[in-house]
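Undergrad: Below is the structure I would like to discuss, written out as structure tokens.
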Amino acid sequence: MVEISNIMDFDWHRILFSDQEYSFFWEILFRTPLMFLAVVVVLKFTGKRGVQQLSIFEMVMIISLGSAAGDSMFYDDVGLLHAVAVFALVLAVYRVLIWLITKFDWFELMIEGKPIYIIRDGKMCLDELKSKELGSDEFLGTLRGQHVDQLGQVKYAVLEDTGSLSVFYFPDDEVLPGLPILPDEYQSKGRKVVKAGLYACAKCARTYELQPVEDHPCPTCKNLDWVEAVHRKRIG
Ligand SMILES: [Zn+2]
């Protein structure tokens with residue numbers, strides 16, 4: 001247990017002010033707005049209008065700018081011109097990458113990846129998902145955010161290269177019975193089928209008519225967990 005007296009013994013002056021003079025506050029007052037404006041100017045030059053959907057290399061650019069700007073706001077041994085030089089280089093690399101992406105398709109594919117189908121006709125596209133480290137919990141959560149409560153309502157779901165999910169719905173009269181994804185229904189999945197009916201595989205979401213059975217592997221993906229399929233329309 002830490003004694004109160006030990007905390008009192010801390011070198012509070014060093015913790016709060018490092019070994020800087022108090023006058024360094026004036027310098028921070030000068031450095032911070034300057035670097036803030038510099039970042040705004042550089043971001044303007046990238047042509048980005050917002051940061052809602054950043055590709056991976058755009059995020060790297062933002063992190064690099066943030067680091068150079070942040071450090072020069074309060075480290076006395078980081079010269080402002082050095083930070084500005086970093087800005088100029090980051091911007092140059094960014095523009096070159098953008099040029100390469102628009103010029104060569106193979107480069108775009110390498111840097112940004114391509115959109116992949118996650119759902120087709122209410123069923124998970126497991127082969128295409130395999131290469132992506134996408135937690136299905138996270139993915140189901142995103143679908144619930146779009147008011148999807150069973151996968152039979154979804155005609156297509158496409159994971160874009162920016163990481164956002166585009167969802168296309170069946171019209172109400174074409175909705176299929178499917179895997180329920182509301183937490184209490186989805187968590188009721190199990191290996192034991194007690195009564196005959198239409199069940200959805202908890203992994204690939206394909207539906208099958210099952211008789212009472214235990215440990216029945218999904219014909220498509222070999223998964224053993226089943227959930228009773230539901231046939232609900234989407235309430236928007
Ligand atoms: Zn399956």
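In the structure tokens, chains take the letters A, B, ... in the order shown, each chain's residues start at 1, and ligands count up from 1 in the order shown.
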Residues within 7 Å of ligand 1, counting only C-alpha atoms and all ligand atoms: report them as a PyMOL selection string.
TA: chain A and resi 201-206+218-223
Undergrad: Tell me, as a list in words, which residues lie within 7 Å of Gly197 (chain A), counting only C-alpha atoms; anything in the same chain fewer than 2 positions away does not count.
TA: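 Close residues of Gly197 (chain A): Lys195, Tyr199, Glu209, Leu210 and Gln211 of chain A.
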Undergrad: Selection from above, C-alpha atoms, as a PDB file, in the first residue's frame, can you write it?
TA:
ATOM      1  CA  LYS A 195     -38.723 -29.434 -32.599  1.00  0.00           C
ATOM      2  CA  TYR A 199     -33.385 -23.354 -38.776  1.00  0.00           C
ATOM      3  CA  GLU A 209     -35.627 -27.710 -42.601  1.00  0.00           C
ATOM      4  CA  LEU A 210     -34.475 -29.782 -39.632  1.00  0.00           C
ATOM      5  CA  GLN A 211     -36.072 -32.613 -37.679  1.00  0.00           C
TER       6      GLN A 211
END
Undergrad: Enumerate the residues of region 69-227 of chain A with a DSSP assignment of strand (DSSP E or B), computed from the backbone, and present them as a ChimeraX atom specification.
TA: /A:116-120,123-124,150,154-159,165-169,178,180,190,192-193,197-201,207-210,213-214,226-227
Undergrad: Please determine, counting only C-alpha atoms, which residue among A:Val39, A:Leu140, A:Val158, A:Ile98 has the shortest atom-to-atom distance to Ile181 (chain A).
TA: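 Distance minimum relative to Ile181 (chain A) lands on A:Leu140.
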Undergrad: Hey, which of A:Ile62, A:Val96, A:Met124, A:Val86 ends up closest to Thr207 (chain A)? Count only C-alpha atoms.
TA: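 Smallest distance to Thr207 (chain A) is found for A:Met124.
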Undergrad: Please run DSSP on the backbone and report, as a ChimeraX atom specification, all residues within region 29-126 of chain A that come out as alpha helix (DSSP H).
TA: /A:29-46,56-74,80-103,105-112,126
Undergrad: Dump as a tab-separated table the rows for residues of region 46-135 of chain A within 12 Å of region 143-149 of chain A: closest atom pair and distance in Å with one decimal, only C-alpha atoms counted, ordered by chain and rising residue number.
TA:
residue	atom	partner	partner_atom	distance
A:Ile118	CA	A:Leu143	CA	11.2
A:Ile119	CA	A:Leu143	CA	10.9
A:Gly122	CA	A:Val148	CA	10.9
Undergrad: Counting only C-alpha atoms, figure out which residue out of A:Trp106, A:Phe87, A:Trp226, A:Phe25 gets nearest to Gly190 (chain A).
TA: A:Trp226
Undergrad: Extract, using only C-alpha atoms, all DNA, RNA and protein residues at most 7 Å from Ile116 (chain A), discarding same-chain residues fewer than 5 positions from it, and format them as a list of chain:residue names.
TA: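 That gives A:Glu128, A:Val158, A:Leu159, A:Glu160.
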Undergrad: Looking at only C-alpha atoms, which of A:Thr46, A:Ala69, A:Phe74, A:Asp215 is the one that sits closest to Ser18 (chain A)?
TA: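 When distances to Ser18 (chain A) are compared using only C-alpha atoms, the smallest one comes from A:Phe74.
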Undergrad: Could you check the closest approach to Glu112 (chain A) for each of A:Val84, A:Leu182, A:Ile56, A:Leu165 and tell me which residue wins, using only C-alpha atoms?
TA: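 Closest to Glu112 (chain A), using only C-alpha atoms: A:Ile56.
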Undergrad: Set the distance at 10 Å and use only C-alpha atoms: which residues neighbour Val60 (chain A) once local chain neighbours fewer than 5 positions away are removed? I'd like the list as an mmCIF file with C-alpha atoms, in the first residue's frame.
TA:
data_model
loop_
_atom_site.group_PDB
_atom_site.id
_atom_site.type_symbol
_atom_site.label_atom_id
_atom_site.label_comp_id
_atom_site.auth_asym_id
_atom_site.auth_seq_id
_atom_site.Cartn_x
_atom_site.Cartn_y
_atom_site.Cartn_z
ATOM 1 C CA LEU A 54 -10.332 7.228 -44.167
ATOM 2 C CA SER A 55 -8.442 4.601 -46.076
ATOM 3 C CA LEU A 65 0.702 15.095 -39.169
ATOM 4 C CA GLY A 66 -0.748 14.840 -35.681
ATOM 5 C CA VAL A 90 3.894 13.869 -45.742
ATOM 6 C CA TYR A 94 0.286 11.504 -50.030
#
Undergrad: Name the residues in contact with region 70-73 of chain A at a cut-off of 10 Å, using only C-alpha atoms, excluding same-chain residues fewer than 2 positions from it; report them as an MDAnalysis selection string.
TA: chainID A and resid 27:36 64:68 75:84
